[in-house]
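Structure first, then comments.
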Amino acid sequence: MAAVTALRSSCRTAGRLVCIHRVRSCSGIRFIKSKYVCVFDKSALKFSHQQRLFRTSAVSCGQIVQFKLSDIGEGITEVTVKEWYIKEGDSVSQFDSICEVQSDKASVTITSRYDGIIRKLHYNLDEIAYVGKPLVDIEIDASKGVSPEEDVVETPPMSHEEHTHQEIKGHKTLATPAVRRLAMENNIKLSEVVGTGKDNRILKEDILNYLAKQTGAILPPSPKAEIIPPLPKSETLPAAPKDRARKIPVPVSRPIVFSGKDKTEPVTGFHKAMVKTMSAALKIPHFGYCDEIDLTQLVQLREELKPLAQVRGVKLSFMPFFIKAASLGLLQYPILNASLDESCQNVTYKASHNIGVAMDTEQGLIVPNVKNVQVCSVFEIASELNRLQSLGSAGQLGTNDLTGGTFTLSNIGTIGGTYAKPVILPPEVAIGALGKIQVLPRFNGKGEVFKAQIMNVSWSADHRIIDGATMARFSNLWKSYLENPASMLLDLK
């Protein structure tokens, strides 16, 4: 301190002192050290003296931490921000959901690592965020410290009034992403809403009721298109006389004015993954094989088992039977559950039957897979399918659900159509497309016509390692299991 006083005295007549501040945090109190540099300017001597301060007003505002997007895995370097669950000024706790991002393989929910207040969002919706770059700025308590790998930004001083209006979040609020978005759009703090769901979960109705109480308004019902019935024949206008009809001038056609404009959007998310996968699939020489399956007995069996599955809380469709029958067929023809390396020199026979199911979602075509079907029962497959379908509809499928497939079935019949030409998903070597089930007339062994439940199947296989005879034999075995479901009991393990 004496050296500093001497330095200031010696430089007072010759120039001015510039005070350079350096911030050091110690036991929750922020000290400001100073370095002094002599600059010859007599007019600024008074100003430099004012800069040498010991201030503690900035201690209450804490430190700003740049929360970076961590490595998601699978070689992903960039993601698209699909939804923010918070906004600037919100309080967050550890493990609170911050945002949902989507890569070309899966959707991931990013959670907070700190307790603090959101100060800045670095990206808008549908913008590309990069791994290792700042995602949000979070103000944390300076006394808690911060990990060395995070960047700390010096916080500007905050007035006492601003500090007292900050929200301190004491507990985690339970709400779905849709409810959080509705609250954020209407500037409603979830901590002020009383949840009526399980474990005080906030529902959509709670947000609407809270909004109605605040504004005193009643939300109007959604408008419906007015349907105008056609006029009855008795009220139709009388026909015009022939002579008057001849005098009606021919209308002059005018050019139609259209003000629409083309729109260009980047290929992102699952669409980007589909471009990459389908481009690689073009290198595979496909061949097709089609057949029809009589599902009359399977339809009857499913109707008998549906109530039992509902008691267990599982929705039982035809797909678990199709998947299990395919797995039994793959045990006899393992070449269909294999992969070929890029140099076409080695064939790898997969031990697990990870059978993928193509799903049509709002995000695009996705193909999650049911793991280890060879050791699963029909009921276990149905339960896993229910989970995948729920996550797929919500866009929350993880990377593990979307990778590792060895064989694929695509049920186009749920949308419509009977035949298709499915495209193989590399590195797989076969895929099947299932058409819709139709009630059609067929002949039995006695030549009698009966009503049959018919479904068409279309297979595609990699002709480099699979020949037509192998595909036909596999299809016949798969068909026999479905046309006589009781025969599957002989091969179930």
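As shown in the structure tokens, the chain order sets the letters A, B, ...; within each chain, residues go from 1, and ligands are also counted from 1 in the order they appear.
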
Counting only C-alpha atoms, what are the residues of stretch 272-340 of chain A within 10 Å of stretch 397-411 of chain A, and for each of them which pair of atoms is the nearest and at what distance in Å, to one decimal? Sort the table by chain and rising number, as a tab-separated table.
```
residue	atom	partner	partner_atom	distance
A:Met319	CA	A:Asn411	CA	8.1
A:Phe322	CA	A:Leu409	CA	8.5
A:Ile323	CA	A:Leu409	CA	7.7
A:Ala326	CA	A:Leu409	CA	9.0
A:Ser327	CA	A:Phe407	CA	9.2
A:Leu330	CA	A:Phe407	CA	9.2
A:Leu336	CA	A:Phe407	CA	7.5
A:Asn337	CA	A:Thr406	CA	5.7
A:Ala338	CA	A:Thr406	CA	6.9
A:Ser339	CA	A:Thr406	CA	7.8
```

Exercise. Could you give me, as a PyMOL selection string, each residue of stretch 202-448 of chain A that DSSP assigns to helix (DSSP H, G or I) when run on this structure's backbone?
Key: chain A and resi 204-215+233-235+242-246+269-281+296-311+319-332+334-337+373-375+378-394+399-402+412-414

Exercise. Show which residues sit within 12 Å of A:Met488, as an MDAnalysis selection string. Count only C-alpha atoms, and ignore same-chain residues fewer than 6 positions away.
Key: chainID A and resid 298 321:322 324:329 377:378 477:482

What would the file look like if the residues just selected were written as a short mmCIF file (atom, residue, chain, number, x, y, z; two decimals), in the first residue's frame with N, CA, C and O atoms?
```cif
data_model
loop_
_atom_site.label_atom_id
_atom_site.label_comp_id
_atom_site.auth_asym_id
_atom_site.auth_seq_id
_atom_site.Cartn_x
_atom_site.Cartn_y
_atom_site.Cartn_z
N LEU A 298 -55.39 -64.85 -37.85
CA LEU A 298 -54.67 -63.89 -37.01
C LEU A 298 -55.60 -62.76 -36.55
O LEU A 298 -55.52 -62.30 -35.40
N PHE A 321 -47.11 -59.27 -34.01
CA PHE A 321 -47.13 -60.60 -34.62
C PHE A 321 -46.24 -60.63 -35.87
O PHE A 321 -45.51 -61.61 -36.11
N PHE A 322 -46.30 -59.56 -36.68
CA PHE A 322 -45.47 -59.50 -37.89
C PHE A 322 -43.98 -59.52 -37.50
O PHE A 322 -43.17 -60.19 -38.15
N LYS A 324 -42.55 -60.64 -34.64
CA LYS A 324 -42.12 -61.91 -34.06
C LYS A 324 -42.00 -62.99 -35.12
O LYS A 324 -41.04 -63.80 -35.10
N ALA A 325 -42.93 -63.03 -36.08
CA ALA A 325 -42.85 -64.01 -37.17
C ALA A 325 -41.60 -63.77 -38.01
O ALA A 325 -40.95 -64.73 -38.46
N ALA A 326 -41.23 -62.49 -38.24
CA ALA A 326 -40.01 -62.18 -39.00
C ALA A 326 -38.78 -62.68 -38.25
O ALA A 326 -37.84 -63.21 -38.86
N SER A 327 -38.76 -62.50 -36.92
CA SER A 327 -37.62 -62.96 -36.13
C SER A 327 -37.47 -64.48 -36.20
O SER A 327 -36.34 -64.99 -36.32
N LEU A 328 -38.59 -65.21 -36.15
CA LEU A 328 -38.52 -66.67 -36.27
C LEU A 328 -38.01 -67.08 -37.65
O LEU A 328 -37.27 -68.06 -37.79
N GLY A 329 -38.39 -66.31 -38.67
CA GLY A 329 -37.88 -66.60 -40.01
C GLY A 329 -36.39 -66.29 -40.14
O GLY A 329 -35.65 -67.00 -40.84
N SER A 377 -41.26 -61.81 -26.06
CA SER A 377 -42.58 -62.35 -26.35
C SER A 377 -43.37 -61.35 -27.18
O SER A 377 -42.97 -60.19 -27.34
N VAL A 378 -44.52 -61.78 -27.70
CA VAL A 378 -45.37 -60.88 -28.49
C VAL A 378 -45.84 -59.72 -27.61
O VAL A 378 -45.89 -58.57 -28.07
N LEU A 477 -42.06 -68.95 -45.16
CA LEU A 477 -42.04 -69.31 -43.75
C LEU A 477 -42.75 -68.25 -42.91
O LEU A 477 -43.54 -68.57 -42.02
N TRP A 478 -42.45 -66.99 -43.19
CA TRP A 478 -43.11 -65.88 -42.49
C TRP A 478 -44.61 -65.91 -42.71
O TRP A 478 -45.40 -65.70 -41.79
N LYS A 479 -45.01 -66.20 -43.93
CA LYS A 479 -46.43 -66.30 -44.28
C LYS A 479 -47.11 -67.43 -43.52
O LYS A 479 -48.24 -67.27 -43.03
N SER A 480 -46.45 -68.58 -43.39
CA SER A 480 -47.05 -69.72 -42.70
C SER A 480 -47.29 -69.42 -41.22
O SER A 480 -48.30 -69.86 -40.65
N TYR A 481 -46.38 -68.67 -40.59
CA TYR A 481 -46.57 -68.30 -39.19
C TYR A 481 -47.80 -67.41 -39.01
O TYR A 481 -48.54 -67.53 -38.03
N LEU A 482 -48.03 -66.50 -39.95
CA LEU A 482 -49.13 -65.55 -39.82
C LEU A 482 -50.47 -66.18 -40.21
O LEU A 482 -51.51 -65.85 -39.64
#
```

Quiz item: What is the distance, in Å and to one decimal place, between atom CA of A:His271 and atom CA of A:Gly364?
Solution: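 So the answer is 6.3 Å.
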
Quiz item: Contacts of A:Met274 at 12 Å or less, counting only C-alpha atoms, minus same-chain residues fewer than 2 places along, as a list in words?
Solution: Ser103, Asp104, Lys105, Val267, Thr268, Gly269, Phe270, His271, Lys272, Lys276, Thr277, Met278, Ser279, Ala280, Ala281, Gln363, Gly364, Leu365, Ile366, Val367, Val423, Ile424, Leu425 and Pro426 of chain A

Those same residues, written as a PDB file, in the first residue's frame with N, CA and C atoms?
```pdb
ATOM      1  N   SER A 103     -31.079 -33.311 -33.818  1.00  0.00           N
ATOM      2  CA  SER A 103     -29.995 -33.587 -34.745  1.00  0.00           C
ATOM      3  C   SER A 103     -30.556 -34.366 -35.924  1.00  0.00           C
ATOM      4  N   ASP A 104     -29.663 -34.854 -36.782  1.00  0.00           N
ATOM      5  CA  ASP A 104     -30.119 -35.649 -37.911  1.00  0.00           C
ATOM      6  C   ASP A 104     -30.426 -37.081 -37.493  1.00  0.00           C
ATOM      7  N   LYS A 105     -30.326 -37.386 -36.187  1.00  0.00           N
ATOM      8  CA  LYS A 105     -30.584 -38.743 -35.721  1.00  0.00           C
ATOM      9  C   LYS A 105     -31.641 -38.817 -34.624  1.00  0.00           C
ATOM     10  N   VAL A 267     -32.448 -28.061 -45.446  1.00  0.00           N
ATOM     11  CA  VAL A 267     -32.751 -29.451 -45.085  1.00  0.00           C
ATOM     12  C   VAL A 267     -32.099 -29.727 -43.738  1.00  0.00           C
ATOM     13  N   THR A 268     -32.921 -29.996 -42.725  1.00  0.00           N
ATOM     14  CA  THR A 268     -32.417 -30.176 -41.365  1.00  0.00           C
ATOM     15  C   THR A 268     -33.055 -31.402 -40.731  1.00  0.00           C
ATOM     16  N   GLY A 269     -32.558 -31.768 -39.548  1.00  0.00           N
ATOM     17  CA  GLY A 269     -33.171 -32.803 -38.733  1.00  0.00           C
ATOM     18  C   GLY A 269     -33.215 -34.150 -39.419  1.00  0.00           C
ATOM     19  N   PHE A 270     -34.372 -34.833 -39.273  1.00  0.00           N
ATOM     20  CA  PHE A 270     -34.530 -36.164 -39.828  1.00  0.00           C
ATOM     21  C   PHE A 270     -34.510 -36.152 -41.360  1.00  0.00           C
ATOM     22  N   HIS A 271     -34.948 -35.047 -41.970  1.00  0.00           N
ATOM     23  CA  HIS A 271     -34.890 -34.952 -43.432  1.00  0.00           C
ATOM     24  C   HIS A 271     -33.436 -35.009 -43.913  1.00  0.00           C
ATOM     25  N   LYS A 272     -32.548 -34.372 -43.167  1.00  0.00           N
ATOM     26  CA  LYS A 272     -31.137 -34.394 -43.538  1.00  0.00           C
ATOM     27  C   LYS A 272     -30.571 -35.801 -43.430  1.00  0.00           C
ATOM     28  N   LYS A 276     -29.054 -38.439 -46.547  1.00  0.00           N
ATOM     29  CA  LYS A 276     -27.796 -39.170 -46.463  1.00  0.00           C
ATOM     30  C   LYS A 276     -28.010 -40.671 -46.616  1.00  0.00           C
ATOM     31  N   THR A 277     -29.034 -41.211 -45.926  1.00  0.00           N
ATOM     32  CA  THR A 277     -29.274 -42.655 -45.957  1.00  0.00           C
ATOM     33  C   THR A 277     -29.759 -43.116 -47.324  1.00  0.00           C
ATOM     34  N   MET A 278     -30.689 -42.381 -47.918  1.00  0.00           N
ATOM     35  CA  MET A 278     -31.229 -42.795 -49.214  1.00  0.00           C
ATOM     36  C   MET A 278     -30.209 -42.644 -50.330  1.00  0.00           C
ATOM     37  N   SER A 279     -29.306 -41.681 -50.200  1.00  0.00           N
ATOM     38  CA  SER A 279     -28.242 -41.554 -51.197  1.00  0.00           C
ATOM     39  C   SER A 279     -27.321 -42.771 -51.154  1.00  0.00           C
ATOM     40  N   ALA A 280     -27.036 -43.271 -49.936  1.00  0.00           N
ATOM     41  CA  ALA A 280     -26.226 -44.478 -49.816  1.00  0.00           C
ATOM     42  C   ALA A 280     -26.983 -45.706 -50.297  1.00  0.00           C
ATOM     43  N   ALA A 281     -28.318 -45.709 -50.147  1.00  0.00           N
ATOM     44  CA  ALA A 281     -29.122 -46.857 -50.570  1.00  0.00           C
ATOM     45  C   ALA A 281     -29.132 -47.028 -52.089  1.00  0.00           C
ATOM     46  N   GLN A 363     -42.033 -34.837 -37.888  1.00  0.00           N
ATOM     47  CA  GLN A 363     -40.639 -34.493 -38.173  1.00  0.00           C
ATOM     48  C   GLN A 363     -40.123 -35.183 -39.433  1.00  0.00           C
ATOM     49  N   GLY A 364     -40.887 -36.132 -39.980  1.00  0.00           N
ATOM     50  CA  GLY A 364     -40.456 -36.875 -41.159  1.00  0.00           C
ATOM     51  C   GLY A 364     -40.413 -38.363 -40.884  1.00  0.00           C
ATOM     52  N   LEU A 365     -39.806 -39.104 -41.794  1.00  0.00           N
ATOM     53  CA  LEU A 365     -39.698 -40.553 -41.668  1.00  0.00           C
ATOM     54  C   LEU A 365     -38.611 -40.914 -40.666  1.00  0.00           C
ATOM     55  N   ILE A 366     -38.985 -41.715 -39.660  1.00  0.00           N
ATOM     56  CA  ILE A 366     -38.017 -42.212 -38.690  1.00  0.00           C
ATOM     57  C   ILE A 366     -38.186 -43.723 -38.576  1.00  0.00           C
ATOM     58  N   VAL A 367     -37.107 -44.417 -38.227  1.00  0.00           N
ATOM     59  CA  VAL A 367     -37.136 -45.887 -38.156  1.00  0.00           C
ATOM     60  C   VAL A 367     -36.504 -46.324 -36.834  1.00  0.00           C
ATOM     61  N   VAL A 423     -37.204 -49.263 -49.890  1.00  0.00           N
ATOM     62  CA  VAL A 423     -35.776 -49.020 -50.104  1.00  0.00           C
ATOM     63  C   VAL A 423     -35.007 -49.504 -48.878  1.00  0.00           C
ATOM     64  N   ILE A 424     -33.969 -50.282 -49.111  1.00  0.00           N
ATOM     65  CA  ILE A 424     -33.174 -50.860 -48.028  1.00  0.00           C
ATOM     66  C   ILE A 424     -32.432 -49.753 -47.279  1.00  0.00           C
ATOM     67  N   LEU A 425     -32.381 -49.887 -45.959  1.00  0.00           N
ATOM     68  CA  LEU A 425     -31.663 -48.934 -45.117  1.00  0.00           C
ATOM     69  C   LEU A 425     -30.265 -49.478 -44.827  1.00  0.00           C
ATOM     70  N   PRO A 426     -29.216 -48.929 -45.436  1.00  0.00           N
ATOM     71  CA  PRO A 426     -27.856 -49.422 -45.165  1.00  0.00           C
ATOM     72  C   PRO A 426     -27.527 -49.284 -43.685  1.00  0.00           C
TER      73      PRO A 426
END
```

Exercise. One decimal, Å: what's the distance from atom CA of A:Ile355 over to atom CA of A:Ile466, could you say?
Key: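 The value is 18.3 Å.
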
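With only C-alpha atoms as the basis for measurement, A:Arg119 is the residue among A:Arg119, A:Arg302, A:Lys189, A:Lys371 that approaches A:Val65 most closely.
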
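Minimum atom-to-atom distance to A:Ile381, evaluated using only C-alpha atoms, belongs to A:Pro320 out of A:Gly75, A:Gly413, A:Pro320, A:Gly197.
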
Quiz item: In terms of the shortest atom-to-atom distance over only C-alpha atoms, which of A:Ile284, A:Gln102, A:Gly89, A:Gln63 is closest to A:Thr77?
Solution: A:Gln102

Quiz prompt | Of the listed residues A:Leu174, A:Ile293, A:Ala212, A:Ala394, that which approaches A:Val194 most closely, counting only C-alpha atoms | solution = A:Leu174

Practice problem: Find the spatial neighbours of A:Gly288, counting only C-alpha atoms, within a cut-off of 12 Å - ignore same-chain residues fewer than 3 positions away - and output them as a ChimeraX atom specification. | Solution: /A:285,291,419-424,430-433,457-463,466-469,471-472,475

Self-check item: Polymer residues at most 10 Å from A:Thr173, only C-alpha atoms, same-chain spacing of 2 or more positions, as a PyMOL selection string
Solution: chain A and resi 96+169-171+175-176+180+190-191+193+195+199-202

Quiz item: Can you list, as a ChimeraX atom specification, every protein, DNA or RNA residue that comes within 12 Å of A:Tyr130 when you count only C-alpha atoms, leaving out same-chain residues fewer than 2 positions away?
Solution: /A:68-72,76-81,101-103,122-123,127-128,132-135
